[in-house]
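Chemist: File follows, structure12.tsv with TSV, N, CA and C atoms:
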```
chain	number	residue	atom	x	y	z
A	1	LYS	N	138.12	-136.79	-71.35
A	1	LYS	CA	138.86	-135.83	-72.15
A	1	LYS	C	140.34	-135.79	-71.79
A	2	ILE	N	140.67	-136.03	-70.53
A	2	ILE	CA	142.09	-135.92	-70.14
A	2	ILE	C	142.87	-137.19	-70.44
A	3	GLY	N	142.17	-138.27	-70.68
A	3	GLY	CA	142.83	-139.51	-71.06
A	3	GLY	C	143.07	-140.45	-69.89
A	4	LYS	N	143.08	-141.74	-70.21
A	4	LYS	CA	143.24	-142.79	-69.20
A	4	LYS	C	144.57	-142.70	-68.47
A	5	ALA	N	145.63	-142.37	-69.17
A	5	ALA	CA	146.95	-142.31	-68.54
A	5	ALA	C	147.00	-141.26	-67.44
A	6	LYS	N	146.41	-140.09	-67.68
A	6	LYS	CA	146.40	-139.03	-66.66
A	6	LYS	C	145.53	-139.44	-65.47
A	7	VAL	N	144.41	-140.09	-65.76
A	7	VAL	CA	143.55	-140.56	-64.66
A	7	VAL	C	144.31	-141.57	-63.81
A	8	GLU	N	144.93	-142.54	-64.45
A	8	GLU	CA	145.67	-143.56	-63.71
A	8	GLU	C	146.82	-142.94	-62.90
A	9	THR	N	147.54	-142.03	-63.49
A	9	THR	CA	148.64	-141.37	-62.79
A	9	THR	C	148.14	-140.67	-61.54
A	10	ARG	N	147.04	-139.94	-61.67
A	10	ARG	CA	146.49	-139.20	-60.52
A	10	ARG	C	145.97	-140.16	-59.46
A	11	VAL	N	145.28	-141.20	-59.86
A	11	VAL	CA	144.74	-142.17	-58.91
A	11	VAL	C	145.88	-142.85	-58.15
A	12	ARG	N	146.93	-143.21	-58.84
A	12	ARG	CA	148.09	-143.83	-58.17
A	12	ARG	C	148.77	-142.85	-57.22
A	13	GLU	N	148.87	-141.59	-57.61
A	13	GLU	CA	149.47	-140.57	-56.75
A	13	GLU	C	148.68	-140.45	-55.44
A	14	LEU	N	147.37	-140.37	-55.57
A	14	LEU	CA	146.52	-140.27	-54.38
A	14	LEU	C	146.62	-141.54	-53.53
A	15	ASN	N	146.62	-142.70	-54.19
A	15	ASN	CA	146.72	-143.95	-53.45
A	15	ASN	C	148.05	-144.05	-52.71
A	16	ASN	N	149.14	-143.64	-53.35
A	16	ASN	CA	150.44	-143.66	-52.67
A	16	ASN	C	150.44	-142.76	-51.44
A	17	HIS	N	149.77	-141.64	-51.55
A	17	HIS	CA	149.67	-140.72	-50.42
A	17	HIS	C	148.89	-141.38	-49.27
A	18	LEU	N	147.77	-141.99	-49.61
A	18	LEU	CA	146.96	-142.69	-48.61
A	18	LEU	C	147.73	-143.85	-47.99
A	19	PHE	N	148.34	-144.67	-48.83
A	19	PHE	CA	149.09	-145.83	-48.34
A	19	PHE	C	150.23	-145.39	-47.43
A	20	GLY	N	150.94	-144.35	-47.83
A	20	GLY	CA	152.04	-143.84	-47.01
A	20	GLY	C	151.58	-143.34	-45.66
A	21	GLY	N	150.47	-142.61	-45.65
A	21	GLY	CA	149.93	-142.10	-44.39
A	21	GLY	C	149.48	-143.22	-43.46
A	22	LEU	N	148.80	-144.21	-44.01
A	22	LEU	CA	148.37	-145.34	-43.18
A	22	LEU	C	149.57	-146.16	-42.71
A	23	SER	N	150.59	-146.26	-43.55
A	23	SER	CA	151.79	-147.02	-43.17
A	23	SER	C	152.47	-146.42	-41.95
A	24	GLU	N	152.36	-145.13	-41.77
A	24	GLU	CA	152.94	-144.47	-40.59
A	24	GLU	C	152.20	-144.83	-39.31
A	25	MET	N	151.04	-145.46	-39.42
A	25	MET	CA	150.22	-145.83	-38.26
A	25	MET	C	150.27	-147.33	-38.00
A	26	LYS	N	151.27	-148.03	-38.51
A	26	LYS	CA	151.32	-149.49	-38.43
A	26	LYS	C	151.31	-150.04	-37.01
A	27	LYS	N	151.60	-149.22	-36.01
A	27	LYS	CA	151.51	-149.71	-34.63
A	27	LYS	C	150.06	-149.91	-34.21
A	28	HIS	N	149.13	-149.28	-34.98
A	28	HIS	CA	147.72	-149.31	-34.60
A	28	HIS	C	146.80	-149.98	-35.61
A	29	LEU	N	147.37	-150.38	-36.76
A	29	LEU	CA	146.54	-151.03	-37.76
A	29	LEU	C	147.39	-151.97	-38.62
A	30	ILE	N	146.69	-152.85	-39.29
A	30	ILE	CA	147.34	-153.79	-40.22
A	30	ILE	C	146.86	-153.42	-41.62
A	31	ILE	N	147.80	-153.19	-42.52
A	31	ILE	CA	147.44	-152.93	-43.91
A	31	ILE	C	147.46	-154.26	-44.65
A	32	LEU	N	146.32	-154.62	-45.23
A	32	LEU	CA	146.19	-155.89	-45.95
A	32	LEU	C	146.56	-155.76	-47.42
A	33	THR	N	146.55	-154.58	-47.93
A	33	THR	CA	146.89	-154.32	-49.33
A	33	THR	C	148.39	-154.50	-49.53
A	34	PRO	N	148.79	-155.12	-50.64
A	34	PRO	CA	150.22	-155.29	-50.89
A	34	PRO	C	150.97	-153.96	-50.92
A	35	GLU	N	152.18	-153.98	-50.42
A	35	GLU	CA	153.01	-152.78	-50.44
A	35	GLU	C	153.45	-152.45	-51.86
A	36	GLU	N	153.60	-153.45	-52.67
A	36	GLU	CA	154.05	-153.29	-54.05
A	36	GLU	C	153.03	-152.45	-54.83
A	37	GLU	N	153.46	-151.33	-55.34
A	37	GLU	CA	152.58	-150.32	-55.94
A	37	GLU	C	151.72	-150.83	-57.09
A	38	GLN	N	152.24	-151.66	-57.95
A	38	GLN	CA	151.48	-152.15	-59.11
A	38	GLN	C	150.22	-152.91	-58.70
A	39	SER	N	150.21	-153.50	-57.52
A	39	SER	CA	149.08	-154.34	-57.10
A	39	SER	C	147.95	-153.56	-56.46
A	40	ARG	N	148.13	-152.28	-56.20
A	40	ARG	CA	147.10	-151.59	-55.43
A	40	ARG	C	146.41	-150.45	-56.15
A	41	ILE	N	146.87	-149.95	-57.21
A	41	ILE	CA	146.28	-148.89	-58.03
A	41	ILE	C	145.46	-147.88	-57.23
A	42	CYS	N	144.21	-148.22	-56.80
A	42	CYS	CA	143.36	-147.21	-56.16
A	42	CYS	C	142.81	-147.63	-54.80
A	43	MET	N	143.02	-148.83	-54.36
A	43	MET	CA	142.41	-149.28	-53.11
A	43	MET	C	143.45	-149.63	-52.04
A	44	VAL	N	143.07	-149.33	-50.80
A	44	VAL	CA	143.87	-149.74	-49.64
A	44	VAL	C	142.90	-150.34	-48.63
A	45	THR	N	143.22	-151.52	-48.15
A	45	THR	CA	142.40	-152.21	-47.17
A	45	THR	C	143.21	-152.38	-45.89
A	46	PHE	N	142.57	-152.05	-44.75
A	46	PHE	CA	143.27	-152.15	-43.47
A	46	PHE	C	142.33	-152.58	-42.36
A	47	LYS	N	142.94	-153.02	-41.26
A	47	LYS	CA	142.19	-153.43	-40.07
A	47	LYS	C	142.77	-152.68	-38.87
A	48	PRO	N	141.94	-152.02	-38.10
A	48	PRO	CA	142.44	-151.41	-36.86
A	48	PRO	C	142.73	-152.50	-35.84
A	49	LEU	N	143.77	-152.33	-35.06
A	49	LEU	CA	144.16	-153.35	-34.08
A	49	LEU	C	143.38	-153.25	-32.77
A	50	ASN	N	142.96	-152.06	-32.40
A	50	ASN	CA	142.34	-151.87	-31.10
A	50	ASN	C	140.82	-151.69	-31.15
A	51	TYR	N	140.24	-151.92	-32.32
A	51	TYR	CA	138.79	-151.79	-32.51
A	51	TYR	C	138.29	-152.96	-33.34
A	52	GLU	N	137.05	-153.29	-33.16
A	52	GLU	CA	136.37	-154.20	-34.08
A	52	GLU	C	136.13	-153.37	-35.34
A	53	TYR	N	136.35	-153.94	-36.50
A	53	TYR	CA	136.33	-153.16	-37.74
A	53	TYR	C	135.02	-152.42	-37.97
A	54	LYS	N	133.88	-153.01	-37.61
A	54	LYS	CA	132.59	-152.35	-37.81
A	54	LYS	C	132.48	-151.10	-36.94
A	55	THR	N	132.97	-151.19	-35.72
A	55	THR	CA	132.95	-150.04	-34.82
A	55	THR	C	133.80	-148.91	-35.39
A	56	PHE	N	135.00	-149.24	-35.85
A	56	PHE	CA	135.88	-148.23	-36.40
A	56	PHE	C	135.31	-147.66	-37.69
A	57	ALA	N	134.73	-148.51	-38.53
A	57	ALA	CA	134.10	-148.05	-39.77
A	57	ALA	C	132.98	-147.07	-39.48
A	58	ASN	N	132.24	-147.32	-38.43
A	58	ASN	CA	131.14	-146.43	-38.04
A	58	ASN	C	131.69	-145.06	-37.63
A	59	ILE	N	132.77	-145.05	-36.89
A	59	ILE	CA	133.41	-143.80	-36.47
A	59	ILE	C	133.84	-142.99	-37.69
A	60	ILE	N	134.50	-143.66	-38.62
A	60	ILE	CA	134.99	-142.99	-39.83
A	60	ILE	C	133.83	-142.50	-40.69
A	61	SER	N	132.80	-143.30	-40.82
A	61	SER	CA	131.64	-142.90	-41.62
A	61	SER	C	130.94	-141.69	-41.01
A	62	LYS	N	130.81	-141.67	-39.70
A	62	LYS	CA	130.17	-140.53	-39.03
A	62	LYS	C	130.96	-139.24	-39.21
A	63	ALA	N	132.25	-139.37	-39.50
A	63	ALA	CA	133.08	-138.19	-39.75
A	63	ALA	C	132.90	-137.69	-41.19
A	64	GLY	N	132.08	-138.38	-41.97
A	64	GLY	CA	131.75	-137.92	-43.32
A	64	GLY	C	132.48	-138.59	-44.45
A	65	PHE	N	133.18	-139.68	-44.17
A	65	PHE	CA	133.93	-140.36	-45.22
A	65	PHE	C	133.17	-141.59	-45.71
A	66	ARG	N	133.19	-141.80	-47.03
A	66	ARG	CA	132.58	-142.99	-47.61
A	66	ARG	C	133.64	-144.08	-47.64
A	67	ILE	N	133.32	-145.17	-47.00
A	67	ILE	CA	134.25	-146.30	-46.93
A	67	ILE	C	133.47	-147.57	-47.27
A	68	ARG	N	134.19	-148.66	-47.42
A	68	ARG	CA	133.54	-149.95	-47.62
A	68	ARG	C	134.03	-150.91	-46.55
A	69	GLN	N	133.08	-151.52	-45.87
A	69	GLN	CA	133.43	-152.58	-44.93
A	69	GLN	C	133.59	-153.87	-45.73
A	70	VAL	N	134.61	-154.65	-45.39
A	70	VAL	CA	134.91	-155.87	-46.14
A	70	VAL	C	134.87	-157.08	-45.19
A	71	PRO	N	133.67	-157.65	-45.00
A	71	PRO	CA	133.56	-158.82	-44.13
A	71	PRO	C	133.85	-160.13	-44.87
A	72	GLU	N	133.83	-160.09	-46.21
A	72	GLU	CA	133.98	-161.30	-47.01
A	72	GLU	C	135.24	-162.07	-46.63
A	73	SER	N	135.11	-163.37	-46.65
A	73	SER	CA	136.22	-164.29	-46.37
A	73	SER	C	136.87	-164.04	-45.01
A	74	GLY	N	136.12	-163.43	-44.11
A	74	GLY	CA	136.66	-163.17	-42.78
A	74	GLY	C	137.70	-162.06	-42.74
A	75	LEU	N	137.78	-161.25	-43.79
A	75	LEU	CA	138.76	-160.15	-43.77
A	75	LEU	C	138.46	-159.17	-42.65
A	76	ASP	N	137.18	-158.86	-42.45
A	76	ASP	CA	136.77	-157.94	-41.39
A	76	ASP	C	137.65	-156.69	-41.39
A	77	ALA	N	137.59	-155.99	-42.51
A	77	ALA	CA	138.49	-154.86	-42.73
A	77	ALA	C	137.73	-153.67	-43.31
A	78	ILE	N	138.47	-152.61	-43.53
A	78	ILE	CA	137.94	-151.37	-44.10
A	78	ILE	C	138.70	-151.09	-45.38
A	79	ARG	N	137.96	-150.77	-46.44
A	79	ARG	CA	138.60	-150.48	-47.73
A	79	ARG	C	138.32	-149.03	-48.11
A	80	ILE	N	139.38	-148.38	-48.54
A	80	ILE	CA	139.30	-147.00	-49.02
A	80	ILE	C	139.73	-147.00	-50.47
A	81	SER	N	138.96	-146.33	-51.31
A	81	SER	CA	139.31	-146.21	-52.73
A	81	SER	C	139.50	-144.74	-53.07
A	82	THR	N	140.54	-144.47	-53.82
A	82	THR	CA	140.77	-143.11	-54.30
A	82	THR	C	140.39	-143.04	-55.77
A	83	HIS	N	140.04	-141.83	-56.20
A	83	HIS	CA	139.79	-141.62	-57.62
A	83	HIS	C	140.19	-140.19	-57.97
A	84	ILE	N	140.15	-139.89	-59.23
A	84	ILE	CA	140.67	-138.62	-59.72
A	84	ILE	C	139.99	-137.40	-59.08
A	85	TYR	N	138.74	-137.54	-58.68
A	85	TYR	CA	138.03	-136.40	-58.10
A	85	TYR	C	138.38	-136.16	-56.64
A	86	ASN	N	139.14	-137.06	-56.02
A	86	ASN	CA	139.60	-136.84	-54.65
A	86	ASN	C	140.76	-135.86	-54.64
A	87	SER	N	140.94	-135.20	-53.48
A	87	SER	CA	142.06	-134.28	-53.35
A	87	SER	C	143.01	-134.78	-52.27
A	88	THR	N	144.23	-134.29	-52.32
A	88	THR	CA	145.20	-134.62	-51.29
A	88	THR	C	144.70	-134.13	-49.93
A	89	ASN	N	144.05	-132.98	-49.91
A	89	ASN	CA	143.50	-132.45	-48.65
A	89	ASN	C	142.45	-133.38	-48.06
A	90	GLU	N	141.62	-133.98	-48.90
A	90	GLU	CA	140.63	-134.95	-48.41
A	90	GLU	C	141.31	-136.17	-47.80
A	91	ILE	N	142.35	-136.64	-48.45
A	91	ILE	CA	143.08	-137.79	-47.93
A	91	ILE	C	143.76	-137.43	-46.61
A	92	ASP	N	144.35	-136.24	-46.54
A	92	ASP	CA	144.97	-135.80	-45.29
A	92	ASP	C	143.94	-135.71	-44.17
A	93	SER	N	142.76	-135.22	-44.48
A	93	SER	CA	141.68	-135.15	-43.49
A	93	SER	C	141.28	-136.55	-43.03
A	94	PHE	N	141.16	-137.48	-43.98
A	94	PHE	CA	140.86	-138.86	-43.64
A	94	PHE	C	141.94	-139.44	-42.72
A	95	LEU	N	143.19	-139.23	-43.08
A	95	LEU	CA	144.30	-139.77	-42.27
A	95	LEU	C	144.30	-139.17	-40.86
A	96	ARG	N	144.01	-137.90	-40.74
A	96	ARG	CA	143.93	-137.28	-39.39
A	96	ARG	C	142.80	-137.89	-38.59
A	97	THR	N	141.67	-138.15	-39.26
A	97	THR	CA	140.52	-138.76	-38.59
A	97	THR	C	140.87	-140.17	-38.11
A	98	VAL	N	141.50	-140.94	-38.97
A	98	VAL	CA	141.90	-142.29	-38.59
A	98	VAL	C	142.85	-142.24	-37.41
A	99	GLU	N	143.90	-141.43	-37.53
A	99	GLU	CA	144.92	-141.35	-36.49
A	99	GLU	C	144.34	-140.90	-35.16
A	100	SER	N	143.44	-139.94	-35.18
A	100	SER	CA	142.90	-139.42	-33.92
A	100	SER	C	141.92	-140.38	-33.26
A	101	ASN	N	141.49	-141.40	-33.99
A	101	ASN	CA	140.55	-142.37	-33.42
A	101	ASN	C	141.15	-143.75	-33.17
A	102	LEU	N	142.43	-143.91	-33.46
A	102	LEU	CA	143.06	-145.23	-33.23
A	102	LEU	C	143.35	-145.45	-31.76
```
What would the structure in this file look like if it were written as C-alpha coordinates?
Modeler:
Amino acid sequence: KIGKAKVETRVRELNNHLFGGLSEMKKHLIILTPEEEQSRICMVTFKPLNYEYKTFANIISKAGFRIRQVPESGLDAIRISTHIYNSTNEIDSFLRTVESNL
(Lines of atoms letter the chains of each structure in order from A and count residues from 1; the text may use other names and numbers.)
(Lines give C-alpha, C1' and ligand atoms only; values in the text may rest on other atoms or scores of the structure.)
Protein backbone atom coordinates (compact mmCIF):
# COMPACT_ATOMS: atom_id res chain seq x y z
CA LYS A 1 0.00 0.00 0.00
CA ILE A 2 2.81 2.46 0.70
CA GLY A 3 4.52 1.81 -2.61
CA LYS A 4 7.87 0.47 -3.75
CA ALA A 5 9.61 3.85 -3.65
CA LYS A 6 8.85 4.36 0.05
CA VAL A 7 9.95 0.81 0.86
CA GLU A 8 13.22 1.28 -1.02
CA THR A 9 13.85 4.66 0.60
CA ARG A 10 13.33 3.22 4.08
CA VAL A 11 15.44 0.12 3.40
CA ARG A 12 18.30 2.28 2.10
CA GLU A 13 18.02 4.60 5.12
CA LEU A 14 18.31 1.65 7.50
CA ASN A 15 21.15 0.13 5.48
CA ASN A 16 23.08 3.41 5.52
CA HIS A 17 22.68 3.53 9.28
CA LEU A 18 23.96 -0.05 9.62
CA PHE A 19 26.82 0.50 7.18
CA GLY A 20 27.86 3.70 8.94
CA GLY A 21 27.85 2.05 12.35
CA LEU A 22 29.91 -0.91 11.17
CA SER A 23 32.28 1.44 9.34
CA GLU A 24 33.14 3.04 12.69
CA MET A 25 34.44 -0.39 13.82
CA LYS A 26 36.86 -0.89 10.90
CA LYS A 27 39.76 -1.53 13.29
CA HIS A 28 37.98 -4.74 14.31
CA LEU A 29 36.23 -5.91 11.16
CA ILE A 30 36.40 -5.88 7.38
CA ILE A 31 33.33 -4.74 5.46
CA LEU A 32 33.06 -6.70 2.21
CA THR A 33 30.06 -4.79 0.90
CA PRO A 34 30.89 -1.94 -1.48
CA GLU A 35 30.93 1.50 0.09
CA GLU A 36 29.09 2.90 -2.92
CA GLU A 37 25.45 3.17 -1.82
CA GLN A 38 23.79 2.03 -5.07
CA SER A 39 25.46 -1.39 -4.81
CA ARG A 40 24.26 -2.33 -1.36
CA ILE A 41 20.54 -1.45 -1.05
CA CYS A 42 19.69 -3.71 1.96
CA MET A 43 22.64 -5.98 2.74
CA VAL A 44 25.97 -5.53 4.50
CA THR A 45 28.52 -8.33 4.70
CA PHE A 46 31.47 -8.21 7.10
CA LYS A 47 34.16 -10.34 8.70
CA PRO A 48 35.39 -9.89 12.27
CA LEU A 49 39.17 -9.69 12.46
CA ASN A 50 39.69 -11.26 15.88
CA TYR A 51 37.17 -14.11 15.63
CA GLU A 52 36.43 -16.98 13.32
CA TYR A 53 33.23 -15.89 11.57
CA LYS A 54 31.17 -18.87 12.79
CA THR A 55 32.11 -18.16 16.40
CA PHE A 56 31.18 -14.50 16.06
CA ALA A 57 27.95 -15.37 14.23
CA ASN A 58 27.03 -17.67 17.10
CA ILE A 59 27.58 -14.86 19.62
CA ILE A 60 25.39 -12.48 17.61
CA SER A 61 22.68 -15.09 17.09
CA LYS A 62 22.55 -15.91 20.80
CA ALA A 63 21.92 -12.21 21.42
CA GLY A 64 18.68 -12.61 19.44
CA PHE A 65 19.63 -11.32 16.01
CA ARG A 66 18.88 -13.17 12.77
CA ILE A 67 21.94 -13.18 10.58
CA ARG A 68 23.23 -15.20 7.65
CA GLN A 69 26.60 -16.89 7.63
CA VAL A 70 28.23 -16.70 4.20
CA PRO A 71 30.78 -19.50 3.73
CA GLU A 72 30.32 -19.61 -0.07
CA SER A 73 33.41 -18.98 -2.18
CA GLY A 74 35.50 -18.80 0.98
CA LEU A 75 33.95 -15.50 2.06
CA ASP A 76 33.55 -16.79 5.62
CA ALA A 77 31.56 -13.74 6.56
CA ILE A 78 28.37 -12.53 8.21
CA ARG A 79 25.56 -10.88 6.26
CA ILE A 80 22.96 -8.58 7.72
CA SER A 81 19.87 -7.55 5.75
CA THR A 82 17.60 -4.66 6.61
CA HIS A 83 13.98 -4.30 5.60
CA ILE A 84 11.15 -1.87 6.13
CA TYR A 85 9.94 -3.61 9.30
CA ASN A 86 13.29 -3.04 11.04
CA SER A 87 13.77 -0.04 13.28
CA THR A 88 16.73 2.24 13.85
CA ASN A 89 16.65 1.12 17.50
CA GLU A 90 17.06 -2.52 16.43
CA ILE A 91 20.04 -1.60 14.28
CA ASP A 92 21.56 0.41 17.14
CA SER A 93 21.11 -2.58 19.44
CA PHE A 94 22.77 -4.83 16.86
CA LEU A 95 25.68 -2.40 16.50
CA ARG A 96 26.15 -2.23 20.29
CA THR A 97 26.15 -6.03 20.43
CA VAL A 98 28.74 -6.27 17.66
CA GLU A 99 30.95 -3.59 19.19
CA SER A 100 30.82 -5.07 22.69
CA ASN A 101 31.89 -8.48 21.37
CA LEU A 102 34.69 -7.46 19.00
Chemist: As an NGL selection string, which residues of segment 25-56 of chain A does DSSP assign to alpha helix (DSSP H)?
Modeler: :A and (53-56)
Chemist: Have a look at atom C of Gly3 of chain A and atom N of Arg40 of chain A and let me know their distance in Å, one decimal.
Modeler: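 Atom N of Arg40 of chain A lies 18.8 Å from atom C of Gly3 of chain A.
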Chemist: Please determine, counting all atoms listed in the file, which residue among A:Ile31, A:Ser23, A:Cys42, A:Lys47 has the shortest atom-to-atom distance to Leu75 of chain A.
Modeler: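 Looking at the shortest contact to Leu75 of chain A, the residue is A:Lys47.
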Chemist: Need to verify the contact set: Pro34 of chain A, 8 Å, only N, CA and C atoms, exclusion of same-chain residues closer than 5 positions in sequence. Can you return it as a short mmCIF file (atom, residue, chain, number, x, y, z; two decimals) with N, CA and C atoms, keeping the file's coordinate frame?
Modeler:
```cif
data_model
loop_
_atom_site.label_atom_id
_atom_site.label_comp_id
_atom_site.auth_asym_id
_atom_site.auth_seq_id
_atom_site.Cartn_x
_atom_site.Cartn_y
_atom_site.Cartn_z
N SER A 39 150.21 -153.50 -57.52
CA SER A 39 149.08 -154.34 -57.10
C SER A 39 147.95 -153.56 -56.46
N ARG A 40 148.13 -152.28 -56.20
CA ARG A 40 147.10 -151.59 -55.43
C ARG A 40 146.41 -150.45 -56.15
N MET A 43 143.02 -148.83 -54.36
CA MET A 43 142.41 -149.28 -53.11
C MET A 43 143.45 -149.63 -52.04
N VAL A 44 143.07 -149.33 -50.80
CA VAL A 44 143.87 -149.74 -49.64
C VAL A 44 142.90 -150.34 -48.63
N THR A 45 143.22 -151.52 -48.15
CA THR A 45 142.40 -152.21 -47.17
C THR A 45 143.21 -152.38 -45.89
#
```
Chemist: Take the point (149.0, -141.5, -44.2) in the file's coordinates, draw a sphere of radius 8 Å around it, and report as a tab-separated table (two decimals) with N, CA and C atoms, in the frame of the given file every protein, DNA or RNA residue with an atom inside or on it, counting only N, CA and C atoms.
Modeler:
```
chain	number	residue	atom	x	y	z
A	16	ASN	N	149.14	-143.64	-53.35
A	16	ASN	CA	150.44	-143.66	-52.67
A	16	ASN	C	150.44	-142.76	-51.44
A	17	HIS	N	149.77	-141.64	-51.55
A	17	HIS	CA	149.67	-140.72	-50.42
A	17	HIS	C	148.89	-141.38	-49.27
A	18	LEU	N	147.77	-141.99	-49.61
A	18	LEU	CA	146.96	-142.69	-48.61
A	18	LEU	C	147.73	-143.85	-47.99
A	19	PHE	N	148.34	-144.67	-48.83
A	19	PHE	CA	149.09	-145.83	-48.34
A	19	PHE	C	150.23	-145.39	-47.43
A	20	GLY	N	150.94	-144.35	-47.83
A	20	GLY	CA	152.04	-143.84	-47.01
A	20	GLY	C	151.58	-143.34	-45.66
A	21	GLY	N	150.47	-142.61	-45.65
A	21	GLY	CA	149.93	-142.10	-44.39
A	21	GLY	C	149.48	-143.22	-43.46
A	22	LEU	N	148.80	-144.21	-44.01
A	22	LEU	CA	148.37	-145.34	-43.18
A	22	LEU	C	149.57	-146.16	-42.71
A	23	SER	N	150.59	-146.26	-43.55
A	23	SER	CA	151.79	-147.02	-43.17
A	23	SER	C	152.47	-146.42	-41.95
A	24	GLU	N	152.36	-145.13	-41.77
A	24	GLU	CA	152.94	-144.47	-40.59
A	24	GLU	C	152.20	-144.83	-39.31
A	25	MET	N	151.04	-145.46	-39.42
A	25	MET	CA	150.22	-145.83	-38.26
A	25	MET	C	150.27	-147.33	-38.00
A	91	ILE	N	142.35	-136.64	-48.45
A	91	ILE	CA	143.08	-137.79	-47.93
A	91	ILE	C	143.76	-137.43	-46.61
A	92	ASP	N	144.35	-136.24	-46.54
A	92	ASP	CA	144.97	-135.80	-45.29
A	92	ASP	C	143.94	-135.71	-44.17
A	94	PHE	N	141.16	-137.48	-43.98
A	94	PHE	CA	140.86	-138.86	-43.64
A	94	PHE	C	141.94	-139.44	-42.72
A	95	LEU	N	143.19	-139.23	-43.08
A	95	LEU	CA	144.30	-139.77	-42.27
A	95	LEU	C	144.30	-139.17	-40.86
A	96	ARG	N	144.01	-137.90	-40.74
A	96	ARG	CA	143.93	-137.28	-39.39
A	96	ARG	C	142.80	-137.89	-38.59
```
Chemist: What is the atom CA of Arg68 of chain A-atom C of Lys4 of chain A distance in Å, reported with one decimal?
Modeler: 24.7 Å
Chemist: Tell me which of A:Leu49, A:Ile78, A:Thr88, A:Thr97 sits closest to Ala63 of chain A, counting only N, CA and C atoms.
Modeler: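 Nearest to Ala63 of chain A: A:Thr97.
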Chemist: For the strand (DSSP E or B) assignment from backbone DSSP, which residues of chain A qualify? Please present them as a PyMOL selection string.
Modeler: chain A and resi 29-31+43-48+68-70+77-81
Chemist: Go ahead and dump the residues you just picked, N, CA and C atoms, as a PDB file, keeping the file's coordinate frame.
Modeler:
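Output (out03.pdb):
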```
ATOM      1  N   LEU A  29     147.370-150.380 -36.760  1.00  0.00           N
ATOM      2  CA  LEU A  29     146.540-151.030 -37.760  1.00  0.00           C
ATOM      3  C   LEU A  29     147.390-151.970 -38.620  1.00  0.00           C
ATOM      4  N   ILE A  30     146.690-152.850 -39.290  1.00  0.00           N
ATOM      5  CA  ILE A  30     147.340-153.790 -40.220  1.00  0.00           C
ATOM      6  C   ILE A  30     146.860-153.420 -41.620  1.00  0.00           C
ATOM      7  N   ILE A  31     147.800-153.190 -42.520  1.00  0.00           N
ATOM      8  CA  ILE A  31     147.440-152.930 -43.910  1.00  0.00           C
ATOM      9  C   ILE A  31     147.460-154.260 -44.650  1.00  0.00           C
ATOM     10  N   MET A  43     143.020-148.830 -54.360  1.00  0.00           N
ATOM     11  CA  MET A  43     142.410-149.280 -53.110  1.00  0.00           C
ATOM     12  C   MET A  43     143.450-149.630 -52.040  1.00  0.00           C
ATOM     13  N   VAL A  44     143.070-149.330 -50.800  1.00  0.00           N
ATOM     14  CA  VAL A  44     143.870-149.740 -49.640  1.00  0.00           C
ATOM     15  C   VAL A  44     142.900-150.340 -48.630  1.00  0.00           C
ATOM     16  N   THR A  45     143.220-151.520 -48.150  1.00  0.00           N
ATOM     17  CA  THR A  45     142.400-152.210 -47.170  1.00  0.00           C
ATOM     18  C   THR A  45     143.210-152.380 -45.890  1.00  0.00           C
ATOM     19  N   PHE A  46     142.570-152.050 -44.750  1.00  0.00           N
ATOM     20  CA  PHE A  46     143.270-152.150 -43.470  1.00  0.00           C
ATOM     21  C   PHE A  46     142.330-152.580 -42.360  1.00  0.00           C
ATOM     22  N   LYS A  47     142.940-153.020 -41.260  1.00  0.00           N
ATOM     23  CA  LYS A  47     142.190-153.430 -40.070  1.00  0.00           C
ATOM     24  C   LYS A  47     142.770-152.680 -38.870  1.00  0.00           C
ATOM     25  N   PRO A  48     141.940-152.020 -38.100  1.00  0.00           N
ATOM     26  CA  PRO A  48     142.440-151.410 -36.860  1.00  0.00           C
ATOM     27  C   PRO A  48     142.730-152.500 -35.840  1.00  0.00           C
ATOM     28  N   ARG A  68     134.190-148.660 -47.420  1.00  0.00           N
ATOM     29  CA  ARG A  68     133.540-149.950 -47.620  1.00  0.00           C
ATOM     30  C   ARG A  68     134.030-150.910 -46.550  1.00  0.00           C
ATOM     31  N   GLN A  69     133.080-151.520 -45.870  1.00  0.00           N
ATOM     32  CA  GLN A  69     133.430-152.580 -44.930  1.00  0.00           C
ATOM     33  C   GLN A  69     133.590-153.870 -45.730  1.00  0.00           C
ATOM     34  N   VAL A  70     134.610-154.650 -45.390  1.00  0.00           N
ATOM     35  CA  VAL A  70     134.910-155.870 -46.140  1.00  0.00           C
ATOM     36  C   VAL A  70     134.870-157.080 -45.190  1.00  0.00           C
ATOM     37  N   ALA A  77     137.590-155.990 -42.510  1.00  0.00           N
ATOM     38  CA  ALA A  77     138.490-154.860 -42.730  1.00  0.00           C
ATOM     39  C   ALA A  77     137.730-153.670 -43.310  1.00  0.00           C
ATOM     40  N   ILE A  78     138.470-152.610 -43.530  1.00  0.00           N
ATOM     41  CA  ILE A  78     137.940-151.370 -44.100  1.00  0.00           C
ATOM     42  C   ILE A  78     138.700-151.090 -45.380  1.00  0.00           C
ATOM     43  N   ARG A  79     137.960-150.770 -46.440  1.00  0.00           N
ATOM     44  CA  ARG A  79     138.600-150.480 -47.730  1.00  0.00           C
ATOM     45  C   ARG A  79     138.320-149.030 -48.110  1.00  0.00           C
ATOM     46  N   ILE A  80     139.380-148.380 -48.540  1.00  0.00           N
ATOM     47  CA  ILE A  80     139.300-147.000 -49.020  1.00  0.00           C
ATOM     48  C   ILE A  80     139.730-147.000 -50.470  1.00  0.00           C
ATOM     49  N   SER A  81     138.960-146.330 -51.310  1.00  0.00           N
ATOM     50  CA  SER A  81     139.310-146.210 -52.730  1.00  0.00           C
ATOM     51  C   SER A  81     139.500-144.740 -53.070  1.00  0.00           C
TER      52      SER A  81
END
```
Chemist: Give the centre and edge lengths of an axis-aligned box, in Å to one decimal, that holds all listed atoms of segment 13-17 of chain A with 3 Å on each side, as JSON.
Modeler:
```
{"center_x": 148.5, "center_y": -142.2, "center_z": -53.4, "size_x": 9.9, "size_y": 9.8, "size_z": 14.3}
```
Chemist: For Ala57 of chain A, list every protein, DNA or RNA residue within 8 Å, evaluated using only C-alpha atoms, and leave out those in the same chain fewer than 3 positions away; present the list as a list in words.
Modeler: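 Listing them by chain and then by number gives Tyr53, Lys54, Ile60, Ser61, Ile67, Gln69 and Ile78 of chain A.
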Chemist: Which one is closest to Ala77 of chain A: A:Leu102, A:Ile41, A:Ala5, A:Leu32? Count only C-alpha atoms.
Modeler: A:Leu32
Chemist: Record the distance separating atom C of Ile30 of chain A and atom CA of Asn50 of chain A, expressed in Å with one decimal.
Modeler: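 So the answer is 11.6 Å.
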